[in-house]
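Novice: Before anything else, here's the structure in question.
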Amino acid sequence: MGAPTTPAATGTPARPTPAVPAANRALTRPRRRLVAAAAALVALAAVGAGSLLDLRTPAPKPADAPAGEFSAGRAYEDVHVVAARSHVAGSPANDQVRAHIEQQLRGLGLETEVQDTVAPEAGQLSGAAGGATLARVRNVVARLPGTDSTGRVFLVAHYDSVQTGPGGNDDAAGTSAILEVARALTTGPRPRNDIVFVLTDAEEACLCGASAFAASHPLAADGGVVLNLEARGSTGPVIMFETSRNNAKLVDVFGRAAPHSVGTSFAVEIYRALPNDTDFTAFLDQKFVGLNSAYIDGGAIYHTPLDTPAAMDRGSLQQHGDNALGLAREFGGTDLTALRSGHDATYFPVPGGLVRYPGWLTLPLALLAVAAVGALAWLTRRQGRAGAGRLAAGFGLALVPIVAAPVAAQLLWLAITTIRPGYAELLDPYRPIWYRLAVLALAGAILFTWYALTRRRIGPAALAVGGLAWLALLGVLLAVAVPGGAYLTTLPALAGALGGLVALRTRQTGPWPVVAVTAAAAVGVVILLPTVVLLFPALGMAMGGVAALVAVLLGLTALPVVDLLHPQAGGQRGLRALRARRLAMLPAGATALAAVVLAGVGLGVDRFDAAHPAPTHLMYAMDAGTGQARWLSHETDPQPWTDGYVDGVTDVGDDFPGLGDGELRAGPAQSANLPAPKLEVLADASSGGERTLRLRLTPQRTARLATLHVDTSTATVLRAEVAGRSVPVDPREGRWGFGLVFHAPPTDGIEVTLTLRPTAGQVALRVMDASDGLDALPGFRPRPPAVGVVGSHSSEMLAVARTYPI
């Protein structure tokens with residue numbers, strides 16, 4: 001072979017190769033970028049798949065499973081009985097459900113009773129209805145005595161349903177799971193501690209059943225540990241989403257005793273900040289400790305006629321039962337006096353279990369992450385990979401995708417709901433997966449576009465450090481404001497900084513820098529990818545921007561790996577540079593196209609039909625004194641079917657204070673032959689400028705609830721009693737300053753005693769009752785097959801009101 005030809009040998013002048021600017025150097029520069037990129041991406045995909053597979057529900061066990069195990073097959077038989085039809089508190093259908101529960105528990109040899117009482121609401125749920133809320137409740141309570149009890153463990157679920165659906169998941173799932181857990185516990189040795197099974201009434205109305213038990217039942221007098229079982233959908237993993245304060249020891253038990261321990265301290269922080277309530281609220285009000293769990297995906301059917309046993313994912317039921325049984329056994333054998341700790345824990349799921357550490361570590365870890373990112377920035381500058389100006393620019397520019405992605409996701413959903421306005425009435429679309437993927441693709445498109453446009457000028461190292469700096473800063477902010485959520489950004493930032501430091505301190509052309517940054521990105525994947533997946537059903541597509549934000553944070557943790565998809569920065573000219581820029585835009589273009597296609601597929605696949613009807617809201621309200629009636633709807637942009645009943649907007653607060661304040665869509669309706677509630681004066685006495693009225697309010701038809709309001713222009717309410725129970729007098733603004741709402745009213749009526757200071761000769765009292773079902777009303781046209789009922793406590797309500805001057 002001859003000698004190699006060189007420019008000098010041929011006489012061709014040498015063309016200088018452009019130097020790679022130091023500022024454009026990445027944290028890692030492998031020789032074979034495509035191989036390194038492929039290996040890193042495969043590794044991260046495997047980690048991500050493992051994290052998501054760990055969120056899967058277990059396979060449901062058949063009815064012939066061993067007696068000591070939880071069987072979804074056996075529990076599902078009870079689901080069919082409980083959710084055979086809608087069974088609101090006080091209804092004959094609810095009586096039948098209660099009888100079945102009693103029969104099952106007594107059949108197990110358990111001490112079983114029914115707590116029949118009048119109870120106030122838990123929390124502050126009645127503000128919209130304009131007054132204090134009470135209900136007649138009948139809780140089923142059974143006890144499995146312990147051998148040497150140190151306290152009591154309470155398994156709680158509600159057995160009533162909403163008026164619009166049979167409650168196949170909410171909460172036949174929790175009720176049937178508790179019955180099956182009770183059966184499993186009675187087949188083995190008795191636990192050390194008492195186990196109390198509490199099936200509450202009137203949860204959907206006002207949490208009144210749980211309030212009655214927690215506040216007044218003898219078994220609840222000394223408190224204990226509560227395990228509440230709920231459902232707000234039809235499928236998905238069971239998430240332990242709420243705890244009592246100072247939960248560290250409770251979470252430790254959950255992590256080791258629940259076979260499928262899915263839960264995050266971030267979810268607990270978010271739920272504490274929201275106005276939502278479950279039966280667990282009533283127990284927290286009485287200083288119990290405990291855990292609250294639910295499965296929440298498939299929220300489109302929540303509180304609707306579609307919430308049937310057939311809609312239930314039996315894997316979710318199996319997970320509910322497995323966890324409840326495991327926790328009941330663990331708490332049943334634990335010294336319950338030692339469960340309270342002085343702090344909340346930080347915890348989150350990882351493949352194979354639950355990571356948890358003391359909450360007092362939150363701020364130190366956040367500050368450590370800041371210090372580690374600072375060290376990475378210092379080393380990056382010292383090695384000449386980015387100067388101070390570029391590091392500052394990288395930090396500033398990293399804010400762009402953090403802001404742009406959630407904004408773009410919200411705009412995408414706004415466009416989709418403009419095309420399909422019926423989504424506004426749903427917690428989530430019926431088939432949301434395509435829209436969720438579209439949001440993730442959109443977040444990816446924004447991140448990739450931002451990176452491609454800034455990488456060449458600012459440099460990969462500066463952008464990577466800038467992204468980690470934002471995560472570390474967010475970690476400090478969360479540690480101060482939302483401590484349970486600080487791990488979301490603190491741990492990925494800390495891992496990313498340590499990975500970057502290792503990469504910069506090792507031989508840049510070897511494999512170890514790539515291994516280091518990939519391992520760091522894997523920490524972000526393990527922590528943030530499950531969070532993204534769980535946020536979608538938790539918040540719904542209407543808040544998909546939150547999931548998009550977390551997805552971008554995940555992308556920022558993986559920027560050194562993302563950089564491997566790009567040609568080495570700098571050093572190219574002419575056509576080579578142009579090709580490099582085009583290649584850099586390929587991921588951005590691909591994900592942007594995917595976002596458009598996925599959103600389009602979602603619109604094509606998730607159409608309203610008979611099996612997935614468009615949700616509509618309608619109710620009927622009539623003044624029995626004047627004979628005037630109207631159709632009402634809370635739809636802001638009425639569906640075509642609803643539009644046939646309502647037109648303008650009206651405020652019903654003056655005429656129907658029991659429906660609450662606020663504007664509703666309204667339209668004229670034919671008057672029906674319906675009686676108003678009867679108001680009788682049982683006693684009337686005056687003394688010292690005060691007037692005391694003892695009244696009986698009796699619905700004249702089968703009613704779900706009854707209300708009474710006092711006209712503030714005729715009297716001021718000083719004290720009030722309902723069924724012998726004192727109720728708070730908390731007047732609101734407007735004509736009807738005092739009001740009360742009573743759910744499941746007895747057929748013989750409700751006795752109310754009011755102590756007033758009259759301001760007029762006669763006191764004006766406005767009474768109303770409400771039943772369910774519009775089919776028999778004049779002028780009502782049944783819904784077509786593709787038109788459904790929205791999951792609202794006022795859907796299909798039929799209200800009749802009248803004013804009594806006394």
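Note on naming: chains are A, B, ... as they come in the structure tokens, residues start from 1 per chain, ligands start from 1 in the order shown.
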Counting only C-alpha atoms, what is within 12 Å of Ala46 of chain A, bar same-chain residues fewer than 5 positions away, as a ChimeraX atom specification?

Specialist: /A:39-41,51-53,351,518,522,525-526

Novice: I need the residues from that last selection saved to file as a PDB file, in the first residue's frame (with N, CA, C and O atoms), if you can.

Specialist:
```
ATOM      1  N   ALA A  39     -28.288   3.505  24.094  1.00  0.00           N
ATOM      2  CA  ALA A  39     -28.157   2.778  25.356  1.00  0.00           C
ATOM      3  C   ALA A  39     -28.826   3.523  26.498  1.00  0.00           C
ATOM      4  O   ALA A  39     -29.524   2.930  27.335  1.00  0.00           O
ATOM      5  N   ALA A  40     -28.619   4.848  26.542  1.00  0.00           N
ATOM      6  CA  ALA A  40     -29.211   5.639  27.622  1.00  0.00           C
ATOM      7  C   ALA A  40     -30.731   5.625  27.540  1.00  0.00           C
ATOM      8  O   ALA A  40     -31.423   5.480  28.553  1.00  0.00           O
ATOM      9  N   LEU A  41     -31.267   5.782  26.324  1.00  0.00           N
ATOM     10  CA  LEU A  41     -32.717   5.809  26.169  1.00  0.00           C
ATOM     11  C   LEU A  41     -33.341   4.462  26.499  1.00  0.00           C
ATOM     12  O   LEU A  41     -34.427   4.401  27.110  1.00  0.00           O
ATOM     13  N   SER A  51     -41.399   1.451  36.557  1.00  0.00           N
ATOM     14  CA  SER A  51     -42.153   2.338  37.457  1.00  0.00           C
ATOM     15  C   SER A  51     -43.645   2.280  37.175  1.00  0.00           C
ATOM     16  O   SER A  51     -44.466   2.290  38.100  1.00  0.00           O
ATOM     17  N   LEU A  52     -44.009   2.238  35.896  1.00  0.00           N
ATOM     18  CA  LEU A  52     -45.431   2.226  35.542  1.00  0.00           C
ATOM     19  C   LEU A  52     -46.055   0.857  35.779  1.00  0.00           C
ATOM     20  O   LEU A  52     -47.218   0.760  36.193  1.00  0.00           O
ATOM     21  N   LEU A  53     -45.279  -0.211  35.518  1.00  0.00           N
ATOM     22  CA  LEU A  53     -45.812  -1.545  35.776  1.00  0.00           C
ATOM     23  C   LEU A  53     -46.117  -1.737  37.249  1.00  0.00           C
ATOM     24  O   LEU A  53     -47.038  -2.469  37.616  1.00  0.00           O
ATOM     25  N   PRO A 351     -40.576   1.119  42.226  1.00  0.00           N
ATOM     26  CA  PRO A 351     -40.783  -0.309  41.958  1.00  0.00           C
ATOM     27  C   PRO A 351     -40.400  -1.168  43.161  1.00  0.00           C
ATOM     28  O   PRO A 351     -39.291  -1.091  43.675  1.00  0.00           O
ATOM     29  N   THR A 518     -27.089   9.224  32.948  1.00  0.00           N
ATOM     30  CA  THR A 518     -28.257   8.360  32.745  1.00  0.00           C
ATOM     31  C   THR A 518     -28.819   7.896  34.081  1.00  0.00           C
ATOM     32  O   THR A 518     -30.042   7.871  34.286  1.00  0.00           O
ATOM     33  N   ALA A 522     -32.439   8.643  35.598  1.00  0.00           N
ATOM     34  CA  ALA A 522     -33.310   7.549  36.028  1.00  0.00           C
ATOM     35  C   ALA A 522     -34.000   7.884  37.349  1.00  0.00           C
ATOM     36  O   ALA A 522     -35.149   7.494  37.588  1.00  0.00           O
ATOM     37  N   VAL A 525     -36.898   9.896  36.444  1.00  0.00           N
ATOM     38  CA  VAL A 525     -37.949   9.065  35.838  1.00  0.00           C
ATOM     39  C   VAL A 525     -38.728   8.324  36.914  1.00  0.00           C
ATOM     40  O   VAL A 525     -39.969   8.293  36.906  1.00  0.00           O
ATOM     41  N   VAL A 526     -38.027   7.726  37.868  1.00  0.00           N
ATOM     42  CA  VAL A 526     -38.691   6.950  38.920  1.00  0.00           C
ATOM     43  C   VAL A 526     -39.620   7.826  39.748  1.00  0.00           C
ATOM     44  O   VAL A 526     -40.718   7.406  40.144  1.00  0.00           O
TER      45      VAL A 526
END
```

Novice: I need the strand (DSSP E or B) residues of segment 510-696 of chain A per DSSP on the backbone, written as a PyMOL selection string.

Specialist: chain A and resi 614-616+619-623+629-633+649-651+663-669+678-687+690-696

Novice: Those residues with N, CA, C and O atoms, as a compact mmCIF listing (two decimals), in the first residue's frame please?

Specialist:
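Final output, saved to again.txt:
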```txt
# COMPACT_ATOMS: atom_id res chain seq x y z
N ALA A 614 -73.48 12.22 26.32
CA ALA A 614 -73.12 13.60 26.67
C ALA A 614 -73.82 13.97 27.97
O ALA A 614 -75.03 13.79 28.12
N PRO A 615 -73.10 14.48 28.95
CA PRO A 615 -73.71 14.77 30.26
C PRO A 615 -74.54 16.05 30.21
O PRO A 615 -74.12 17.07 29.67
N THR A 616 -75.73 15.99 30.78
CA THR A 616 -76.59 17.17 30.85
C THR A 616 -77.16 17.30 32.26
O THR A 616 -77.29 16.32 32.99
N MET A 619 -83.13 20.37 36.27
CA MET A 619 -84.00 20.17 37.42
C MET A 619 -85.25 21.04 37.27
O MET A 619 -85.29 21.93 36.41
N TYR A 620 -86.22 20.76 38.10
CA TYR A 620 -87.53 21.42 38.03
C TYR A 620 -87.83 22.03 39.39
O TYR A 620 -87.65 21.39 40.43
N ALA A 621 -88.27 23.28 39.39
CA ALA A 621 -88.60 23.96 40.65
C ALA A 621 -89.95 24.65 40.50
O ALA A 621 -90.19 25.37 39.51
N MET A 622 -90.84 24.47 41.48
CA MET A 622 -92.18 25.05 41.44
C MET A 622 -92.51 25.73 42.76
O MET A 622 -92.21 25.21 43.84
N ASP A 623 -93.11 26.91 42.67
CA ASP A 623 -93.62 27.62 43.82
C ASP A 623 -95.09 27.22 43.98
O ASP A 623 -95.94 27.61 43.16
N ALA A 629 -93.68 27.66 37.75
CA ALA A 629 -92.66 26.62 37.71
C ALA A 629 -91.63 26.96 36.65
O ALA A 629 -91.91 27.73 35.72
N ARG A 630 -90.46 26.40 36.78
CA ARG A 630 -89.40 26.64 35.79
C ARG A 630 -88.45 25.45 35.74
O ARG A 630 -88.30 24.70 36.71
N TRP A 631 -87.86 25.30 34.57
CA TRP A 631 -86.74 24.37 34.41
C TRP A 631 -85.46 25.11 34.76
O TRP A 631 -85.31 26.29 34.44
N LEU A 632 -84.53 24.41 35.37
CA LEU A 632 -83.26 25.02 35.76
C LEU A 632 -82.10 24.11 35.37
O LEU A 632 -82.23 22.88 35.37
N SER A 633 -80.97 24.73 35.05
CA SER A 633 -79.76 23.96 34.72
C SER A 633 -78.53 24.76 35.12
O SER A 633 -78.51 25.99 34.98
N VAL A 649 -80.66 33.52 31.91
CA VAL A 649 -79.99 33.28 33.18
C VAL A 649 -80.80 33.95 34.29
O VAL A 649 -81.29 35.06 34.13
N THR A 650 -80.94 33.27 35.42
CA THR A 650 -81.68 33.83 36.55
C THR A 650 -81.00 33.46 37.86
O THR A 650 -80.23 32.49 37.92
N ASP A 651 -81.26 34.24 38.89
CA ASP A 651 -80.79 33.93 40.24
C ASP A 651 -81.98 33.41 41.02
O ASP A 651 -82.97 34.11 41.20
N GLU A 663 -76.28 32.08 39.85
CA GLU A 663 -77.12 32.13 38.66
C GLU A 663 -77.21 30.77 38.00
O GLU A 663 -76.24 30.02 37.94
N LEU A 664 -78.40 30.46 37.51
CA LEU A 664 -78.66 29.23 36.78
C LEU A 664 -79.35 29.57 35.47
O LEU A 664 -80.00 30.61 35.34
N ARG A 665 -79.21 28.69 34.51
CA ARG A 665 -80.03 28.79 33.30
C ARG A 665 -81.46 28.41 33.65
O ARG A 665 -81.69 27.48 34.43
N ALA A 666 -82.41 29.13 33.10
CA ALA A 666 -83.81 28.88 33.46
C ALA A 666 -84.71 29.01 32.24
O ALA A 666 -84.38 29.69 31.27
N GLY A 667 -85.85 28.34 32.33
CA GLY A 667 -86.86 28.43 31.29
C GLY A 667 -88.22 28.10 31.87
O GLY A 667 -88.32 27.42 32.90
N PRO A 668 -89.29 28.59 31.25
CA PRO A 668 -90.64 28.35 31.80
C PRO A 668 -91.02 26.88 31.72
O PRO A 668 -90.63 26.17 30.81
N ALA A 669 -91.78 26.45 32.74
CA ALA A 669 -92.25 25.06 32.79
C ALA A 669 -93.72 25.05 33.17
O ALA A 669 -94.23 25.99 33.79
N LYS A 678 -95.69 20.59 54.37
CA LYS A 678 -96.61 21.13 55.36
C LYS A 678 -95.82 21.68 56.54
O LYS A 678 -94.90 21.03 57.04
N LEU A 679 -96.19 22.89 56.99
CA LEU A 679 -95.54 23.50 58.14
C LEU A 679 -96.60 23.76 59.21
O LEU A 679 -97.51 24.58 59.00
N GLU A 680 -96.49 23.07 60.33
CA GLU A 680 -97.45 23.22 61.43
C GLU A 680 -96.79 23.95 62.60
O GLU A 680 -95.62 23.72 62.90
N VAL A 681 -97.57 24.78 63.27
CA VAL A 681 -97.11 25.44 64.48
C VAL A 681 -97.55 24.59 65.68
O VAL A 681 -98.75 24.46 65.95
N LEU A 682 -96.58 24.01 66.39
CA LEU A 682 -96.88 23.20 67.54
C LEU A 682 -96.96 24.02 68.82
O LEU A 682 -97.68 23.68 69.75
N ALA A 683 -96.20 25.10 68.85
CA ALA A 683 -96.22 26.00 70.02
C ALA A 683 -95.68 27.35 69.58
O ALA A 683 -94.84 27.45 68.69
N ASP A 684 -96.22 28.41 70.23
CA ASP A 684 -95.82 29.79 69.88
C ASP A 684 -95.84 30.60 71.17
O ASP A 684 -96.90 30.81 71.76
N ALA A 685 -94.66 31.02 71.62
CA ALA A 685 -94.57 31.76 72.89
C ALA A 685 -93.65 32.95 72.73
O ALA A 685 -92.68 32.91 71.97
N SER A 686 -93.99 34.04 73.42
CA SER A 686 -93.18 35.26 73.38
C SER A 686 -92.81 35.67 74.79
O SER A 686 -93.60 35.54 75.73
N SER A 687 -91.57 36.17 74.95
CA SER A 687 -91.11 36.61 76.26
C SER A 687 -89.88 37.48 76.08
O SER A 687 -88.93 37.10 75.37
N GLU A 690 -88.50 38.20 72.68
CA GLU A 690 -88.16 37.03 71.88
C GLU A 690 -89.40 36.20 71.63
O GLU A 690 -90.30 36.13 72.47
N ARG A 691 -89.44 35.58 70.50
CA ARG A 691 -90.56 34.72 70.13
C ARG A 691 -90.01 33.32 69.83
O ARG A 691 -89.05 33.17 69.07
N THR A 692 -90.59 32.31 70.46
CA THR A 692 -90.15 30.93 70.26
C THR A 692 -91.23 30.16 69.53
O THR A 692 -92.37 30.05 70.01
N LEU A 693 -90.87 29.64 68.37
CA LEU A 693 -91.78 28.85 67.55
C LEU A 693 -91.32 27.40 67.54
O LEU A 693 -90.16 27.11 67.26
N ARG A 694 -92.24 26.50 67.89
CA ARG A 694 -91.96 25.08 67.75
C ARG A 694 -92.80 24.58 66.58
O ARG A 694 -94.03 24.68 66.59
N LEU A 695 -92.11 24.09 65.56
CA LEU A 695 -92.74 23.79 64.28
C LEU A 695 -92.52 22.33 63.91
O LEU A 695 -91.57 21.69 64.36
N ARG A 696 -93.38 21.85 63.04
CA ARG A 696 -93.17 20.53 62.43
C ARG A 696 -93.23 20.70 60.91
O ARG A 696 -94.22 21.19 60.36
```

Novice: Identify, on the basis of only C-alpha atoms, every residue whose closest approach to Asp54 of chain A does not exceed 10 Å; exclude the query and any residue fewer than 3 positions from it along the same chain; express the result as an MDAnalysis selection string.

Specialist: chainID A and resid 48:51 57:58 237 260:262 349:353 530

Novice: Let me see the file: selected residues, N, CA, C and O atoms, as a PDB file, in the first residue's frame.

Specialist:
```pdb
ATOM      1  N   GLY A  48     -38.553   3.505  33.315  1.00  0.00           N
ATOM      2  CA  GLY A  48     -39.902   4.048  33.257  1.00  0.00           C
ATOM      3  C   GLY A  48     -40.952   2.960  33.194  1.00  0.00           C
ATOM      4  O   GLY A  48     -41.986   3.031  33.866  1.00  0.00           O
ATOM      5  N   ALA A  49     -40.690   1.919  32.388  1.00  0.00           N
ATOM      6  CA  ALA A  49     -41.653   0.817  32.288  1.00  0.00           C
ATOM      7  C   ALA A  49     -41.809   0.119  33.626  1.00  0.00           C
ATOM      8  O   ALA A  49     -42.928  -0.225  34.045  1.00  0.00           O
ATOM      9  N   GLY A  50     -40.680  -0.072  34.325  1.00  0.00           N
ATOM     10  CA  GLY A  50     -40.768  -0.697  35.643  1.00  0.00           C
ATOM     11  C   GLY A  50     -41.574   0.135  36.620  1.00  0.00           C
ATOM     12  O   GLY A  50     -42.357  -0.405  37.412  1.00  0.00           O
ATOM     13  N   SER A  51     -41.399   1.451  36.557  1.00  0.00           N
ATOM     14  CA  SER A  51     -42.153   2.338  37.457  1.00  0.00           C
ATOM     15  C   SER A  51     -43.645   2.280  37.175  1.00  0.00           C
ATOM     16  O   SER A  51     -44.466   2.290  38.100  1.00  0.00           O
ATOM     17  N   THR A  57     -52.831  -2.658  38.742  1.00  0.00           N
ATOM     18  CA  THR A  57     -53.634  -3.343  39.753  1.00  0.00           C
ATOM     19  C   THR A  57     -53.374  -4.837  39.684  1.00  0.00           C
ATOM     20  O   THR A  57     -53.031  -5.378  38.627  1.00  0.00           O
ATOM     21  N   PRO A  58     -53.528  -5.547  40.797  1.00  0.00           N
ATOM     22  CA  PRO A  58     -53.300  -6.997  40.784  1.00  0.00           C
ATOM     23  C   PRO A  58     -54.429  -7.729  40.068  1.00  0.00           C
ATOM     24  O   PRO A  58     -55.526  -7.190  39.882  1.00  0.00           O
ATOM     25  N   PRO A 237     -55.064   2.287  39.915  1.00  0.00           N
ATOM     26  CA  PRO A 237     -54.517   1.861  41.202  1.00  0.00           C
ATOM     27  C   PRO A 237     -55.212   2.551  42.368  1.00  0.00           C
ATOM     28  O   PRO A 237     -55.677   3.684  42.253  1.00  0.00           O
ATOM     29  N   HIS A 260     -49.887  -3.479  48.049  1.00  0.00           N
ATOM     30  CA  HIS A 260     -49.763  -2.626  46.849  1.00  0.00           C
ATOM     31  C   HIS A 260     -49.767  -1.175  47.334  1.00  0.00           C
ATOM     32  O   HIS A 260     -50.768  -0.469  47.231  1.00  0.00           O
ATOM     33  N   SER A 261     -48.635  -0.731  47.863  1.00  0.00           N
ATOM     34  CA  SER A 261     -48.574   0.548  48.564  1.00  0.00           C
ATOM     35  C   SER A 261     -48.313   1.699  47.598  1.00  0.00           C
ATOM     36  O   SER A 261     -47.170   2.089  47.376  1.00  0.00           O
ATOM     37  N   VAL A 262     -49.379   2.224  47.031  1.00  0.00           N
ATOM     38  CA  VAL A 262     -49.300   3.395  46.155  1.00  0.00           C
ATOM     39  C   VAL A 262     -49.808   4.597  46.942  1.00  0.00           C
ATOM     40  O   VAL A 262     -50.960   4.624  47.380  1.00  0.00           O
ATOM     41  N   PRO A 349     -43.992   6.193  45.783  1.00  0.00           N
ATOM     42  CA  PRO A 349     -43.814   4.803  45.340  1.00  0.00           C
ATOM     43  C   PRO A 349     -42.619   4.656  44.405  1.00  0.00           C
ATOM     44  O   PRO A 349     -42.322   5.534  43.594  1.00  0.00           O
ATOM     45  N   VAL A 350     -41.941   3.539  44.527  1.00  0.00           N
ATOM     46  CA  VAL A 350     -40.898   3.123  43.590  1.00  0.00           C
ATOM     47  C   VAL A 350     -41.150   1.651  43.300  1.00  0.00           C
ATOM     48  O   VAL A 350     -41.884   0.991  44.052  1.00  0.00           O
ATOM     49  N   PRO A 351     -40.576   1.119  42.226  1.00  0.00           N
ATOM     50  CA  PRO A 351     -40.783  -0.309  41.958  1.00  0.00           C
ATOM     51  C   PRO A 351     -40.400  -1.168  43.161  1.00  0.00           C
ATOM     52  O   PRO A 351     -39.291  -1.091  43.675  1.00  0.00           O
ATOM     53  N   GLY A 352     -41.372  -1.922  43.639  1.00  0.00           N
ATOM     54  CA  GLY A 352     -41.118  -2.823  44.756  1.00  0.00           C
ATOM     55  C   GLY A 352     -41.461  -2.287  46.123  1.00  0.00           C
ATOM     56  O   GLY A 352     -41.324  -3.006  47.110  1.00  0.00           O
ATOM     57  N   GLY A 353     -41.915  -1.052  46.234  1.00  0.00           N
ATOM     58  CA  GLY A 353     -42.234  -0.571  47.564  1.00  0.00           C
ATOM     59  C   GLY A 353     -42.455   0.913  47.647  1.00  0.00           C
ATOM     60  O   GLY A 353     -42.745   1.581  46.647  1.00  0.00           O
ATOM     61  N   PRO A 530     -44.287   8.398  37.425  1.00  0.00           N
ATOM     62  CA  PRO A 530     -45.545   8.003  38.076  1.00  0.00           C
ATOM     63  C   PRO A 530     -46.390   9.196  38.508  1.00  0.00           C
ATOM     64  O   PRO A 530     -47.629   9.135  38.486  1.00  0.00           O
TER      65      PRO A 530
END
```

Novice: Identify which of the residues A:Leu426, A:Leu463, A:Ala221, A:Met585 lies closest to Glu635 of chain A, counting only C-alpha atoms when measuring atom-to-atom distances.

Specialist: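 When distances to Glu635 of chain A are compared using only C-alpha atoms, the smallest one comes from A:Leu426.
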
Novice: Excluding segment 357-371 of chain A and its own-chain neighbours fewer than 6 positions away, which residues fall within 10 Å of it when counting only C-alpha atoms? Please give them as a ChimeraX atom specification.

Specialist: /A:246-249,251-252,265,342-348,377,468-480,483-487,489-498

Novice: For each of A:Ala231, A:Ala205, A:Val238, A:Leu155, take the minimum atom-to-atom distance to Phe283 of chain A, counting only C-alpha atoms, then give the residue where this is smallest.

Specialist: A:Leu155

Novice: Give me the residues near Val789 of chain A as a PyMOL selection string, where near means some atom within 10 Å (using only C-alpha atoms) and where sequence neighbours in that chain fewer than 5 positions away do not count.

Specialist: chain A and resi 164-165+301+303-306+425+613-618+783+795-796

Novice: Those residues you just picked out, can you put them in a file as a JSON list (two decimals), in the first residue's frame with N, CA and C atoms?

Specialist:
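Printed below is part.json as written:
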```json
[["chain", "number", "residue", "atom", "x", "y", "z"],
["A", 164, "THR", "N", -78.39, 9.89, 41.29],
["A", 164, "THR", "CA", -78.24, 9.75, 39.84],
["A", 164, "THR", "C", -77.61, 8.44, 39.42],
["A", 165, "GLY", "N", -77.23, 7.59, 40.36],
["A", 165, "GLY", "CA", -76.59, 6.35, 39.97],
["A", 165, "GLY", "C", -76.59, 5.34, 41.09],
["A", 301, "ILE", "N", -67.62, 8.37, 34.75],
["A", 301, "ILE", "CA", -68.87, 7.76, 35.21],
["A", 301, "ILE", "C", -69.20, 8.15, 36.65],
["A", 303, "HIS", "N", -70.66, 9.34, 39.87],
["A", 303, "HIS", "CA", -71.97, 9.85, 40.28],
["A", 303, "HIS", "C", -73.00, 9.85, 39.15],
["A", 304, "THR", "N", -72.82, 9.02, 38.14],
["A", 304, "THR", "CA", -73.76, 8.98, 37.02],
["A", 304, "THR", "C", -74.46, 7.62, 36.99],
["A", 305, "PRO", "N", -75.50, 7.49, 36.14],
["A", 305, "PRO", "CA", -76.15, 6.18, 36.00],
["A", 305, "PRO", "C", -75.23, 5.09, 35.49],
["A", 306, "LEU", "N", -74.07, 5.46, 34.94],
["A", 306, "LEU", "CA", -73.13, 4.48, 34.40],
["A", 306, "LEU", "C", -72.27, 3.83, 35.47],
["A", 425, "GLU", "N", -68.61, 19.23, 31.49],
["A", 425, "GLU", "CA", -69.43, 18.68, 32.56],
["A", 425, "GLU", "C", -68.88, 17.36, 33.10],
["A", 613, "PRO", "N", -72.69, 8.73, 26.95],
["A", 613, "PRO", "CA", -73.58, 9.85, 26.62],
["A", 613, "PRO", "C", -73.01, 11.21, 27.03],
["A", 614, "ALA", "N", -73.48, 12.22, 26.32],
["A", 614, "ALA", "CA", -73.12, 13.60, 26.67],
["A", 614, "ALA", "C", -73.82, 13.97, 27.97],
["A", 615, "PRO", "N", -73.10, 14.48, 28.95],
["A", 615, "PRO", "CA", -73.71, 14.77, 30.26],
["A", 615, "PRO", "C", -74.54, 16.05, 30.21],
["A", 616, "THR", "N", -75.73, 15.99, 30.78],
["A", 616, "THR", "CA", -76.59, 17.17, 30.85],
["A", 616, "THR", "C", -77.16, 17.30, 32.26],
["A", 617, "HIS", "N", -77.51, 18.53, 32.62],
["A", 617, "HIS", "CA", -78.05, 18.80, 33.95],
["A", 617, "HIS", "C", -79.38, 19.53, 33.81],
["A", 618, "LEU", "N", -80.39, 19.00, 34.48],
["A", 618, "LEU", "CA", -81.71, 19.63, 34.46],
["A", 618, "LEU", "C", -82.41, 19.35, 35.78],
["A", 783, "ARG", "N", -84.62, 11.88, 27.56],
["A", 783, "ARG", "CA", -83.34, 12.06, 26.89],
["A", 783, "ARG", "C", -83.16, 11.03, 25.78],
["A", 795, "SER", "N", -78.88, 16.99, 39.95],
["A", 795, "SER", "CA", -79.40, 16.47, 38.70],
["A", 795, "SER", "C", -80.72, 15.74, 38.93],
["A", 796, "GLU", "N", -81.67, 15.99, 38.04],
["A", 796, "GLU", "CA", -82.98, 15.31, 38.08],
["A", 796, "GLU", "C", -83.77, 15.67, 39.33]]
```

Novice: Just list as an MDAnalysis selection string whatever in segment 426-469 of chain A DSSP marks as alpha helix (DSSP H).

Specialist: chainID A and resid 433:458 460:469

Novice: Looking at A:Leu427, A:Leu179, A:Leu134, A:Leu284, which one is nearest to Gly299 of chain A, with distances taken over only C-alpha atoms?

Specialist: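 Result for the nearest residue to Gly299 of chain A: A:Leu427.
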
Novice: Which is closer to Gly788 of chain A than all the others in A:Cys208, A:Leu556, A:Val289, A:Ala300, using only C-alpha atoms?

Specialist: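 Result for the nearest residue to Gly788 of chain A: A:Ala300.
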
Novice: Could you check the closest approach to Ile178 of chain A for each of A:Asp297, A:Glu230, A:Asp116, A:Asp637 and tell me which residue wins, using only C-alpha atoms?

Specialist: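 Of A:Asp297, A:Glu230, A:Asp116, A:Asp637, the one nearest Ile178 of chain A, counting only C-alpha atoms, is A:Glu230.
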